[in-house]
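As stored in work.cif (mmCIF, C-alpha atoms):
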data_structure
loop_
_atom_site.label_atom_id
_atom_site.label_comp_id
_atom_site.auth_asym_id
_atom_site.auth_seq_id
_atom_site.Cartn_x
_atom_site.Cartn_y
_atom_site.Cartn_z
CA MET T 550 88.55 112.05 121.99
CA SER T 551 89.76 111.71 125.57
CA ARG T 552 93.52 111.61 124.97
CA THR T 553 95.74 113.77 122.79
CA ARG T 554 96.33 112.33 119.33
CA SER T 555 99.76 112.89 117.79
CA ILE T 556 99.49 113.77 114.09
CA ALA T 557 102.43 114.13 111.71
CA GLY T 558 101.57 116.60 108.94
CA LEU T 559 103.55 115.73 105.78
CA ILE T 560 104.12 118.72 103.48
CA ILE T 561 106.20 119.03 100.29
CA ASN T 562 107.17 122.49 99.06
CA TRP T 563 108.31 123.16 95.51
CA ASN T 564 108.40 126.86 94.66
CA GLY T 565 105.24 127.50 96.65
CA ALA T 566 106.47 129.01 99.91
CA LYS T 567 103.56 131.42 100.37
CA ASP T 568 101.02 128.62 99.97
CA THR T 569 103.00 126.42 102.36
CA LEU T 570 102.98 129.13 105.01
CA ASP T 571 99.20 129.53 104.56
CA LEU T 572 98.81 125.79 105.12
CA LEU T 573 100.89 125.90 108.29
CA ARG T 574 98.71 128.74 109.60
CA SER T 575 95.64 126.56 109.04
CA LEU T 576 97.29 123.68 110.93
CA CYS T 577 97.78 125.98 113.92
CA HIS T 578 93.98 126.29 114.12
CA CYS T 579 93.59 122.51 113.88
CA GLN T 580 95.36 121.88 117.18
CA SER T 581 93.43 121.39 120.39
CA GLU T 582 93.60 119.54 123.68
CA SER T 583 92.91 116.33 121.74
CA VAL T 584 95.02 116.99 118.61
CA SER T 585 98.74 117.76 118.56
CA ILE T 586 100.39 118.29 115.16
CA THR T 587 104.02 118.09 114.14
CA ALA T 588 104.38 119.58 110.65
CA VAL T 589 107.28 118.18 108.63
CA VAL T 590 108.10 120.40 105.64
CA ILE T 591 110.36 119.06 102.89
CA ASP T 592 111.56 121.57 100.34
CA ASN T 593 112.15 119.66 97.11
CA ALA T 594 114.91 121.80 95.55
CA SER T 595 112.97 125.03 95.11
CA SER T 596 114.64 128.21 93.94
CA SER T 597 116.88 129.95 96.49
CA GLU T 598 114.41 132.85 96.61
CA ASP T 599 111.50 130.53 97.48
CA VAL T 600 113.52 128.71 100.14
CA ALA T 601 114.46 132.05 101.69
CA ILE T 602 110.79 133.09 101.87
CA LEU T 603 109.86 129.75 103.45
CA GLU T 604 112.68 129.73 105.99
CA GLY T 605 112.02 133.35 106.89
CA GLY T 606 108.34 132.64 107.50
CA LEU T 607 108.79 129.60 109.73
CA GLY T 608 109.71 131.75 112.73
CA GLU T 609 106.06 132.86 112.85
CA PHE T 610 105.08 129.46 114.23
CA ALA T 611 107.39 129.34 117.23
CA GLY T 612 105.31 128.41 120.24
CA GLN T 613 102.24 127.70 118.08
CA LEU T 614 103.13 124.68 115.96
CA SER T 615 106.00 122.20 115.98
CA VAL T 616 107.66 122.46 112.55
CA VAL T 617 110.51 120.30 111.24
CA PHE T 618 112.14 121.64 108.08
CA ARG T 619 114.50 119.97 105.63
CA ALA T 620 115.69 121.38 102.28
CA ASN T 621 116.80 118.97 99.54
CA ASN T 622 119.51 119.92 97.07
CA THR T 623 117.84 117.88 94.32
CA ASN T 624 114.19 117.16 93.58
CA ILE T 625 113.72 113.56 94.71
CA GLY T 626 110.06 113.43 93.64
CA VAL T 627 106.82 113.71 95.57
CA PRO T 628 106.38 110.21 97.08
CA ALA T 629 110.07 109.96 98.03
CA ALA T 630 109.80 113.34 99.77
CA TYR T 631 106.71 112.17 101.68
CA ASN T 632 108.68 109.10 102.78
CA GLN T 633 111.50 111.41 103.87
CA ALA T 634 109.00 113.45 105.89
CA ILE T 635 107.74 110.29 107.59
CA GLN T 636 111.27 109.30 108.56
CA LEU T 637 111.95 112.77 109.98
CA ALA T 638 108.65 112.69 111.89
CA GLY T 639 109.40 109.24 113.28
CA LEU T 640 107.17 106.18 113.38
CA THR T 641 105.52 106.77 116.77
CA HIS T 642 102.69 109.12 115.74
CA ASP T 643 99.09 107.98 115.95
CA HIS T 644 98.33 109.07 112.39
CA TYR T 645 99.96 110.73 109.38
CA LEU T 646 98.31 113.54 107.41
CA ARG T 647 99.42 113.68 103.77
CA LEU T 648 99.00 117.25 102.51
CA ASP T 649 99.55 119.14 99.29
CA ASN T 650 101.19 122.44 100.15
CA ASP T 651 98.37 124.45 98.52
CA VAL T 652 95.51 123.34 100.78
CA ILE T 653 93.81 124.82 103.82
CA VAL T 654 92.67 122.26 106.41
CA GLU T 655 89.29 122.66 108.09
CA PRO T 656 89.74 122.02 111.84
CA ASP T 657 86.43 120.25 112.53
CA GLY T 658 86.95 118.13 109.42
CA LEU T 659 90.33 116.93 110.63
CA THR T 660 88.93 116.14 114.09
CA GLU T 661 86.16 114.04 112.57
CA MET T 662 88.61 112.25 110.26
CA ILE T 663 90.64 111.22 113.31
CA GLU T 664 87.56 110.09 115.24
CA VAL T 665 86.15 108.03 112.37
CA LEU T 666 89.52 106.46 111.57
CA GLU T 667 89.82 105.26 115.17
CA GLN T 668 86.19 104.29 115.71
CA ARG T 669 86.12 102.16 112.55
CA ALA T 670 89.63 100.71 112.76
CA ALA T 671 88.16 97.30 113.61
CA GLU T 672 86.46 97.32 110.20
CA GLY T 673 89.83 97.67 108.52
CA ILE T 674 89.59 101.42 107.83
CA ALA T 675 93.16 102.70 107.46
CA ILE T 676 92.86 105.74 105.15
CA VAL T 677 90.33 108.57 105.41
CA GLY T 678 89.57 111.53 103.14
CA GLY T 679 86.54 113.75 102.63
CA THR T 680 84.96 116.55 100.66
CA ILE T 681 87.41 119.16 99.39
CA LYS T 682 86.29 122.45 97.84
CA TYR T 683 88.17 124.85 95.61
CA PHE T 684 89.84 127.59 97.61
CA ASP T 685 88.64 130.40 95.33
CA ARG T 686 85.22 128.83 94.46
CA ARG T 687 84.04 127.48 97.76
CA GLU T 688 80.73 126.15 96.47
CA ASP T 689 82.49 123.94 93.89
CA ASN T 690 83.74 120.44 94.71
CA ASN T 691 87.37 119.50 94.08
CA GLY T 692 87.78 116.08 95.68
CA GLY T 693 85.55 113.31 97.00
CA ALA T 694 85.15 109.52 96.89
CA VAL T 695 87.18 108.03 94.02
CA THR T 696 86.33 104.89 92.04
CA PHE T 697 89.02 103.28 89.87
CA ASP T 698 88.25 101.54 86.58
CA LEU T 699 91.54 99.75 85.97
CA ILE T 700 90.45 98.28 82.63
CA ARG T 701 89.62 101.68 81.16
CA GLY T 702 92.30 103.49 83.10
CA THR T 703 89.84 106.07 84.40
CA THR T 704 88.70 107.43 87.74
CA ARG T 705 85.30 108.73 88.81
CA VAL T 706 84.79 111.15 91.67
CA ASP T 707 81.47 111.17 93.54
CA TYR T 708 80.13 113.06 96.55
CA PRO T 709 77.80 110.64 98.35
CA PRO T 710 75.65 112.10 101.16
CA SER T 711 77.00 109.67 103.77
CA ASP T 712 80.33 108.08 104.64
CA VAL T 713 81.29 105.30 102.23
CA ILE T 714 84.15 102.86 101.68
CA CYS T 715 85.71 103.64 98.30
CA ASP T 716 88.72 102.86 96.11
CA GLY T 717 90.57 106.06 96.97
CA VAL T 718 90.42 109.68 98.09
CA LEU T 719 92.18 112.82 96.93
CA GLY T 720 95.73 112.78 98.25
CA CYS T 721 95.93 116.51 98.92
CA ILE T 722 94.28 115.92 102.35
CA MET T 723 94.54 112.27 103.31
CA LEU T 724 94.76 110.83 106.82
CA VAL T 725 96.66 107.53 107.09
CA ALA T 726 96.59 105.32 110.17
CA GLY T 727 99.89 104.97 111.97
CA ASP T 728 99.66 101.17 111.78
CA LEU T 729 99.52 101.30 107.97
CA VAL T 730 102.50 103.66 107.85
CA ARG T 731 104.55 101.45 110.16
CA ARG T 732 103.59 98.38 108.12
CA HIS T 733 105.11 99.83 104.93
CA ALA T 734 107.85 102.14 106.19
CA PRO T 735 110.26 103.28 104.87
CA GLU T 736 108.54 102.95 101.44
CA VAL T 737 105.03 104.04 102.45
CA PHE T 738 104.50 105.89 99.17
CA GLU T 739 106.09 104.31 96.09
CA SER T 740 109.08 106.50 95.27
CA LYS T 741 109.50 105.50 91.64
CA LEU T 742 106.09 106.96 90.76
CA PHE T 743 107.85 110.34 91.24
CA ILE T 744 105.03 112.89 90.85
CA CYS T 745 101.50 111.50 91.08
CA THR T 746 99.17 108.53 91.75
CA ASP T 747 101.18 107.45 94.81
CA GLU T 748 98.16 108.03 97.08
CA SER T 749 96.02 105.82 94.79
CA GLU T 750 98.72 103.14 94.79
CA LEU T 751 98.74 103.15 98.60
CA SER T 752 94.95 102.66 98.71
CA LEU T 753 95.20 99.80 96.19
CA ARG T 754 98.09 98.18 98.09
CA ALA T 755 96.21 98.50 101.37
CA ALA T 756 93.04 97.03 99.85
CA ALA T 757 95.01 93.97 98.72
CA VAL T 758 95.52 93.05 102.39
CA GLY T 759 92.05 94.05 103.58
CA MET T 760 92.79 97.62 104.72
CA LYS T 761 90.14 100.04 103.47
CA THR T 762 89.81 103.66 102.37
CA LEU T 763 86.86 105.70 103.64
CA TYR T 764 85.29 108.84 102.24
CA LEU T 765 83.94 111.12 104.95
CA ALA T 766 80.86 113.02 103.78
CA ARG T 767 81.83 116.36 105.21
CA LEU T 768 84.11 119.27 104.39
CA ILE T 769 87.75 118.68 105.34
CA GLY T 770 89.46 121.55 103.52
CA PHE T 771 90.05 123.76 100.51
CA HIS T 772 92.44 123.26 97.60
CA LYS T 773 94.09 125.94 95.49
CA SER T 774 94.61 123.06 93.06
CA GLY T 775 97.47 122.18 90.77
CA LYS T 776 99.86 124.98 91.71
CA SER T 777 102.94 122.75 91.22
CA THR T 778 101.84 120.34 88.51
CA SER T 779 100.49 123.14 86.29
CA LYS T 780 104.06 124.41 85.95
CA VAL T 781 105.18 121.16 84.26
CA LYS T 782 102.16 120.00 82.25
CA PHE T 783 103.94 117.66 79.81
CA VAL T 784 105.99 116.07 82.58
CA THR T 785 102.85 115.59 84.69
CA GLY T 786 100.97 114.09 81.73
CA TYR T 787 103.82 111.66 81.09
CA TYR T 788 103.93 110.47 84.69
CA VAL T 789 100.13 110.16 84.91
CA ALA T 790 100.17 107.87 81.86
CA ARG T 791 103.22 105.92 83.04
CA ASN T 792 102.05 105.45 86.60
CA TRP T 793 98.47 104.49 85.78
CA THR T 794 99.82 101.92 83.31
CA VAL T 795 101.83 100.40 86.15
CA LEU T 796 98.87 100.43 88.54
CA ARG T 797 96.49 98.98 85.95
CA LEU T 798 98.77 96.05 85.15
CA ARG T 799 99.71 95.47 88.78
CA TYR T 800 96.29 95.57 90.42
CA VAL T 801 93.77 94.44 87.79
CA ALA T 802 92.31 91.16 89.08
CA GLY T 803 92.06 87.95 87.10
CA GLY T 804 93.75 86.58 83.98
CA GLU T 805 90.89 87.43 81.63
CA ARG T 806 90.73 91.02 82.88
CA TRP T 807 94.49 91.33 82.44
CA LEU T 808 94.25 90.18 78.81
CA LEU T 809 91.34 92.57 78.25
CA LEU T 810 93.52 95.36 79.60
CA LEU T 811 96.34 94.51 77.17
CA VAL T 812 93.85 94.65 74.29
CA ARG T 813 92.53 97.98 75.52
CA MET T 814 95.89 99.74 75.79
CA PRO T 815 96.52 100.22 72.03
CA MET T 816 93.05 101.80 71.82
CA ASP T 817 94.06 104.18 74.62
CA VAL T 818 97.16 105.22 72.66
CA ALA T 819 95.15 105.87 69.50
CA ARG T 820 92.61 107.93 71.43
CA SER T 821 95.35 110.00 73.07
CA VAL T 822 96.92 110.79 69.68
CA LEU T 823 93.55 111.90 68.27
CA ARG T 824 93.16 114.18 71.29
CA ARG T 825 96.75 115.44 70.95
CA ARG T 826 97.73 114.23 74.37
CA TRP T 827 101.33 113.75 73.30
CA ALA T 828 102.63 112.77 76.72
CA PHE T 829 100.42 109.67 76.89
CA PRO T 830 102.10 107.29 74.37
CA PRO T 831 105.65 107.57 75.80
CA GLY T 832 104.22 107.38 79.31
CA LEU T 833 102.34 104.17 78.54
CA VAL T 834 105.42 102.59 76.92
CA ALA T 835 107.53 103.54 79.96
CA GLY T 836 104.91 102.03 82.27
CA LEU T 837 104.91 98.75 80.35
CA ALA T 838 108.70 98.68 80.52
CA MET T 839 108.61 99.25 84.30
CA VAL T 840 106.24 96.34 84.83
CA VAL T 841 108.26 93.99 82.61
CA THR T 842 111.61 94.87 84.17
CA SER T 843 110.20 94.63 87.71
CA SER T 844 108.87 91.15 86.93
CA LEU T 845 112.20 90.09 85.46
CA ASP T 846 114.07 91.48 88.46
CA ARG T 847 111.91 89.47 90.86
CA ARG T 848 112.41 86.27 88.84
CA VAL T 849 116.18 86.75 88.70
CA ARG T 850 116.37 87.34 92.46
CA ARG T 851 114.37 84.12 93.03
CA GLY T 852 116.69 82.21 90.68
CA GLU T 853 113.91 81.52 88.14
CA CYS T 854 115.85 82.80 85.12
#
Rewrite the structure of this file - the entire thing - as structure tokens.
Amino acid sequence: MSRTRSIAGLIINWNGAKDTLDLLRSLCHCQSESVSITAVVIDNASSSEDVAILEGGLGEFAGQLSVVFRANNTNIGVPAAYNQAIQLAGLTHDHYLRLDNDVIVEPDGLTEMIEVLEQRAAEGIAIVGGTIKYFDRREDNNGGAVTFDLIRGTTRVDYPPSDVICDGVLGCIMLVAGDLVRRHAPEVFESKLFICTDESELSLRAAAVGMKTLYLARLIGFHKSGKSTSKVKFVTGYYVARNWTVLRLRYVAGGERWLLLLVRMPMDVARSVLRRRWAFPPGLVAGLAMVVTSSLDRRVRRGEC
């Protein structure tokens, strides 16, 4: 890379100040003559004690890393906070790095993500991820190339030995081309999804217009994994079910596949009850309601009702 690339690092903190500070330290090591990072940290209504720890620790990075900090009085949700971070960063950066606050970024991995994203832009590559290992079990994989089965409502994660175009990558370390961000700003990530699946929705939305997601077959970082969502398991389960219902109905292709999906959904509810996944049925019903009301809203606005 001959010129300096400007990267906006997008970080959401929710009662995880110590992890967030560890992430910022790792971003310091990712900078070089060819990579300049502005880290935008959004605190999503953490406790006053956690905010104090975070604010007190930010002084460590003066002169090492450009950090923009904003504390929200209410929790606006994960995708909305990422959109807020993008607006604070501005829309002039070369690329945008979506980060969970409990990851550590591997410098060489980030450099290669940037290089591959730019070298293969002509092929339509707009999102890049890679191999992610567990922070405390560094031989074990945590995130790789994701394949979506929208009919079954499942995902499969693989670790191919070479770079491959895929349906999605793990959103905890995800590099997004600046052109894609500017195309969809200010709603780059879908705010109403609230907690999860917004990175998958972005890959699906991009794919619909020919913009592709690439898995990079090398290590890009380490994930402490689920530090925030593990604190609210039922809430997370509800939003996973709700959001995947929305994505399945929105992006499944073809009339016959859509009908097959509607037949499959009652089976999914029955299976979730047998497995005592109590958050799934209300989440699925809420997802169906979101799709129906969104469709009605569009028709009303077009004067079709």
Check what the PyMOL selection byres ((chain T and resi 619) around 7) selects in the file above and give those residues as a PDB file with C-alpha atoms, in the frame of the given file.
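Saved result, out_27.pdb, follows:
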ATOM      1  CA  VAL T 590     108.100 120.400 105.640  1.00  0.00           C
ATOM      2  CA  ILE T 591     110.360 119.060 102.890  1.00  0.00           C
ATOM      3  CA  ASP T 592     111.560 121.570 100.340  1.00  0.00           C
ATOM      4  CA  VAL T 617     110.510 120.300 111.240  1.00  0.00           C
ATOM      5  CA  PHE T 618     112.140 121.640 108.080  1.00  0.00           C
ATOM      6  CA  ALA T 620     115.690 121.380 102.280  1.00  0.00           C
ATOM      7  CA  ASN T 621     116.800 118.970  99.540  1.00  0.00           C
TER       8      ASN T 621
END
Which of these residues is nearest to Cys745 (chain T), using all atoms listed in the file: T:Gly605, T:Gly727, T:Gly673, T:Gly786?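 Comparing T:Gly605, T:Gly727, T:Gly673, T:Gly786 against Cys745 (chain T), the winner is T:Gly786.
Taking CA of Gly804 (chain T) and CA of Ser844 (chain T) as the two end points, the separation is 16.1 Å.
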Would you compute the distance between CA of Asp649 (chain T) and CA of Thr785 (chain T)? Give it in Å to one decimal. 15.4 Å
For Phe743 (chain T), which residue among T:Asn622, T:Thr842, T:Asn792, T:Thr641 is the nearest when counting all atoms listed in the file? T:Asn792
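Ranking T:Lys567, T:Leu646, T:Gln633, T:His578 by their shortest atom-to-atom distance to Ser555 (chain T), with only C-alpha atoms included, puts T:Leu646 first.
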Val600 (chain T): which residues within 10 Å, counting only C-alpha atoms, same-chain residues fewer than 4 positions away excluded, as a list in words?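 Contacts, in chain order: Asn562, Trp563, Asn564, Gly565, Ala566, Asp592, Asn593, Ala594, Ser595, Ser596, Glu604, Gly605, Gly606 and Ala620 of chain T.
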